[in-house]
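Engineer: Can you read through this structure? Questions will come right after.
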Amino acid sequence: MPGFEMGREDKKPSSKAKREASLQPAEQRPERHTEEKVRSVSLTDDQVDALQDTLLSYPLNLRLAVEDILANAKGTEAQQSTMIWKLVEGASARDVAKDAGKILKRYIVIPSGFEKRTGAAFEAEKGSFAYLFIHSILPMLQVIVLVAAGAGLIFFLGYNFAYRPIKAHTLYAEGRRQIEQRRYRESEEYFVNADKEWIIKSWYYRFAESYAGMEEYPRAELMYERLLSRWPNETKAALDYARMVSGNLGFEKAESILKTHILQRDYFNMDALILMVDNYLAWANLEEQRYEGPRPDILQALYENTRFQLATLMEHHGQSDAYLQRMLSYFIRVDRAGGSDKSREVMGLANYFDGNPKSGFEPEVLAELADYLMDRDETVLVGSILSSAIDRDGTLPETYVALAKWNKRSDFTAEEVNALKYAIRFYEAQDEAIDLTPRRTKAYIKSLIRLAELRMDGGEILDASENLNTAIGRYERALAERRFKPAPEFAKSYSLLADIHYRDWRDFPAALANYEKAERHGYTMPETDYRQGFIYYQDQTQGSMEKALQFFYRAGLEREPSPYLLLATGNTLFTRSNFFAASGYYSMLVNQVQHELDTINLPRPQERRSHEEIVELLMVARNNLGVAKYRTAERMGDARQRSEAMVEFLSSAKLFDSLSRDQVRMTRSETRNLGFLNTDFVLHPQRGIDLALYKDLPMEMIFPAE
């Protein structure tokens, strides 16, 4: 067969053969150069086809090995001949693999499916369904299954990690838009549906913050509760939740949130401890403003908790401005609450700030510090502290209130007015945005009252009345809301508005109504009592005279009565026909004014207004005293009283002469006063003429008036 011709080759015996031959007796040993018998290879076409079929039935590795041996003439001629005939005869793959392995000197692995199969068997097997299934259908099924599995995996991953998150984002976003449109029920439905698709933590925060921004605090609380129920150790959620609750005066709940979700597992968490301090300080501040009054035991416990948390902060995290400013607030408020004197500690921190002007103290703390120092007359650092507070926040009303107080101490009226205007403007803006706390409401009302006073002094009556009406409206609203109880310091607004009606507009009924409101709220002053007495005195009826007398009496209880108050009381008593008591008040008036006149070395009533006022009042007092004595003499038949009355009339006429005489020509005035006329009546009685009294009263009891 072409390609399979083989020459004869001599081959040396193997080492094993040598060893076996050496063990045989010499006479039995074969000769060394004995030739092996080789079967000649001459194949017919059928045998060649059988050889090829057998070879094709072998595994690929075996086919390659056989082809390598035959093509490259490896091994002996006998080995090659044996292998060819085995292929022709359809030997098993294992037999051929064994011979090939000996020739190539390596082991050839035969798959298990080829162990007992002949070429004919293989040909027969190729036409079977099993063969077709394994070699044709099964690979196709494998491919189909793999493609289906890949497609399923892609669908699963795409649906769960692409579609569902995207759909959830869309639902969350729509729910948040519903919040902005105040459709809160729909927003919750969108949130629940989005949560079913894919849970995204960041949207919990956004929903909670949006609800809080729309002041839907119960829904915001529910959202934070959901967040913390899924992620109990979420520190940021607990901090945000507690901060929101504390800002809405839920101090006890905020304390519980911080302890449960943070401090139980991280006791020294800095942010939680700082928020706990702020919560306790705000809690104590609200307790101080309690309508029924602060409860000492609770207030003390709150400040003690504040101290403990601050100590823990500074012990484990060192000193910083954030901790020191809270310590400063703690000292100021403990001192303000009457716990103990903390002025030394406050001054130490004030000096620290003065030495570190760029420290992180917040403007609220600086304004509180400035107010505290002014209350204790420690004013050296006040100016710089207030300047720093304004630089850090120019919209904080408490800073301008403290600045107005500072300008008032320095008698800078214009600067005080400007500071009060700023304070009121910022209070009004905050009052429209959110309800002011009781403490801030009080400061707002006080600022309005103080600005009204300054405007009244400056003649800005309309602006002052507007400020007072605003103060009254805000005060009455606070009372209706039970923010605080009626207090004289705020009832002063009624009194000042009454002063405007009384002095500037001469609207006595309106003035009297506002004075009465002020009195019902605890605000009374001798000046306001006098004014009310003056209003009733103008009526001149019996009932009005009684009320006028009551107010005049009360006006003189707390201080030495002024000369005009004595005159008003005497005139009222005289109108009520109580001549004896009236003469007593007139006598006190005469003595008091005469003493004022006697202290002047050279009275010049026509040149100096103050001297004129003294002389004129003394003239009125002596005339009225004379009338009262004369009426007493008439009632009692006392001639001595009648004589004393004549003396008072003459003295009154003499004083009038000093006021009216021409100082150049020294001529008397043709005008006669009541003292002269009353003397003439006593000496020359006439029908239809009676003793005359100076009944007019000044509108204010202040002496001297100028």
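Letters A, B, ... mark the chains of the structure tokens in the order given; residue numbers begin at 1 per chain; ligand numbers begin at 1, in order shown.
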Find the spatial neighbours of segment 293-308 of chain A, counting only C-alpha atoms, within a cut-off of 12 Å - ignore same-chain residues fewer than 4 positions away - and output them as a PyMOL selection string.

Structural biologist: chain A and resi 251-252+255+273-289+312-315+323-324+326-340+483-485

Engineer: May I ask which of the residues A:Trp406, A:Tyr400, A:Tyr291, A:Phe579 is the closest one to Gly383 of chain A, counting only C-alpha atoms?

Structural biologist: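 Selected residue with least distance to Gly383 of chain A: A:Trp406.
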
Engineer: Do a neighbour search on segment 497-499 of chain A at 8 Å with only C-alpha atoms, toss out local chain neighbours closer than 5 positions, and write the hits as a ChimeraX atom specification.

Structural biologist: /A:465,468-469,504,510-515

Engineer: Just want the 12 Å neighbourhood of Asp680 of chain A, counted on only C-alpha atoms, with same-chain residues fewer than 6 positions away dropped. Output as a ChimeraX atom specification.

Structural biologist: /A:646,649-650,653,672-674,686,689-692

Engineer: With N, CA and C atoms retained, could you export that selection as a JSON list (two decimals), in the first residue's frame?

Structural biologist:
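New file selection06.json:
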[["chain", "number", "residue", "atom", "x", "y", "z"],
["A", 646, "MET", "N", -59.81, 136.72, 105.98],
["A", 646, "MET", "CA", -59.53, 138.05, 105.46],
["A", 646, "MET", "C", -58.03, 138.22, 105.21],
["A", 649, "PHE", "N", -57.14, 136.51, 101.99],
["A", 649, "PHE", "CA", -57.59, 137.25, 100.81],
["A", 649, "PHE", "C", -56.62, 138.39, 100.49],
["A", 650, "LEU", "N", -56.24, 139.09, 101.52],
["A", 650, "LEU", "CA", -55.32, 140.20, 101.31],
["A", 650, "LEU", "C", -53.96, 139.72, 100.80],
["A", 653, "ALA", "N", -54.31, 138.97, 97.18],
["A", 653, "ALA", "CA", -54.34, 140.20, 96.38],
["A", 653, "ALA", "C", -52.95, 140.80, 96.25],
["A", 672, "ARG", "N", -58.28, 142.78, 88.66],
["A", 672, "ARG", "CA", -58.34, 142.39, 90.07],
["A", 672, "ARG", "C", -58.47, 140.88, 90.15],
["A", 673, "ASN", "N", -57.79, 140.32, 91.12],
["A", 673, "ASN", "CA", -57.89, 138.87, 91.27],
["A", 673, "ASN", "C", -58.99, 138.53, 92.25],
["A", 674, "LEU", "N", -59.25, 137.20, 92.45],
["A", 674, "LEU", "CA", -60.34, 136.78, 93.32],
["A", 674, "LEU", "C", -60.08, 137.14, 94.77],
["A", 686, "GLN", "N", -73.08, 141.89, 98.96],
["A", 686, "GLN", "CA", -74.12, 142.27, 98.01],
["A", 686, "GLN", "C", -74.90, 141.02, 97.61],
["A", 689, "ILE", "N", -73.95, 138.05, 94.85],
["A", 689, "ILE", "CA", -72.50, 137.90, 94.74],
["A", 689, "ILE", "C", -72.04, 137.03, 95.90],
["A", 690, "ASP", "N", -71.10, 136.11, 95.62],
["A", 690, "ASP", "CA", -70.62, 135.21, 96.65],
["A", 690, "ASP", "C", -69.10, 135.11, 96.53],
["A", 691, "LEU", "N", -68.52, 134.47, 97.52],
["A", 691, "LEU", "CA", -67.07, 134.24, 97.49],
["A", 691, "LEU", "C", -66.71, 133.37, 96.28],
["A", 692, "ALA", "N", -65.58, 133.66, 95.69],
["A", 692, "ALA", "CA", -65.15, 132.94, 94.49],
["A", 692, "ALA", "C", -63.90, 132.12, 94.79]]

Engineer: Give me the residues within 8 Å of Leu366 of chain A as a ChimeraX atom specification, counting only C-alpha atoms and dropping any in the same chain fewer than 4 places off.

Structural biologist: /A:361-362,370,385-386,388-389,399

Engineer: For the residues in the current selection, export N, CA and C atoms as an mmCIF file, in the first residue's frame.

Structural biologist:
data_model
loop_
_atom_site.group_PDB
_atom_site.id
_atom_site.type_symbol
_atom_site.label_atom_id
_atom_site.label_comp_id
_atom_site.auth_asym_id
_atom_site.auth_seq_id
_atom_site.Cartn_x
_atom_site.Cartn_y
_atom_site.Cartn_z
ATOM 1 N N PHE A 361 -18.876 81.669 68.917
ATOM 2 C CA PHE A 361 -20.063 81.948 69.719
ATOM 3 C C PHE A 361 -21.182 82.467 68.807
ATOM 4 N N GLU A 362 -22.379 81.953 69.010
ATOM 5 C CA GLU A 362 -23.519 82.352 68.185
ATOM 6 C C GLU A 362 -24.075 83.695 68.660
ATOM 7 N N ALA A 370 -24.617 90.084 76.651
ATOM 8 C CA ALA A 370 -24.609 91.545 76.782
ATOM 9 C C ALA A 370 -25.707 92.016 77.725
ATOM 10 N N ILE A 385 -19.119 93.164 72.386
ATOM 11 C CA ILE A 385 -19.938 91.952 72.280
ATOM 12 C C ILE A 385 -21.123 92.195 71.360
ATOM 13 N N LEU A 386 -21.787 93.334 71.505
ATOM 14 C CA LEU A 386 -22.939 93.632 70.647
ATOM 15 C C LEU A 386 -22.523 93.829 69.197
ATOM 16 N N SER A 388 -20.033 92.352 67.688
ATOM 17 C CA SER A 388 -19.779 91.015 67.146
ATOM 18 C C SER A 388 -21.084 90.289 66.852
ATOM 19 N N ALA A 389 -22.066 90.446 67.729
ATOM 20 C CA ALA A 389 -23.353 89.771 67.518
ATOM 21 C C ALA A 389 -24.035 90.279 66.257
ATOM 22 N N THR A 399 -30.536 91.033 69.657
ATOM 23 C CA THR A 399 -29.322 91.851 69.620
ATOM 24 C C THR A 399 -29.676 93.333 69.630
#

Engineer: Here is a test: counting only C-alpha atoms, which residue of A:Val382, A:Ile262, A:Leu589, A:Leu454 is nearest to Lys421 of chain A?

Structural biologist: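 Distance minimum relative to Lys421 of chain A lands on A:Leu454.
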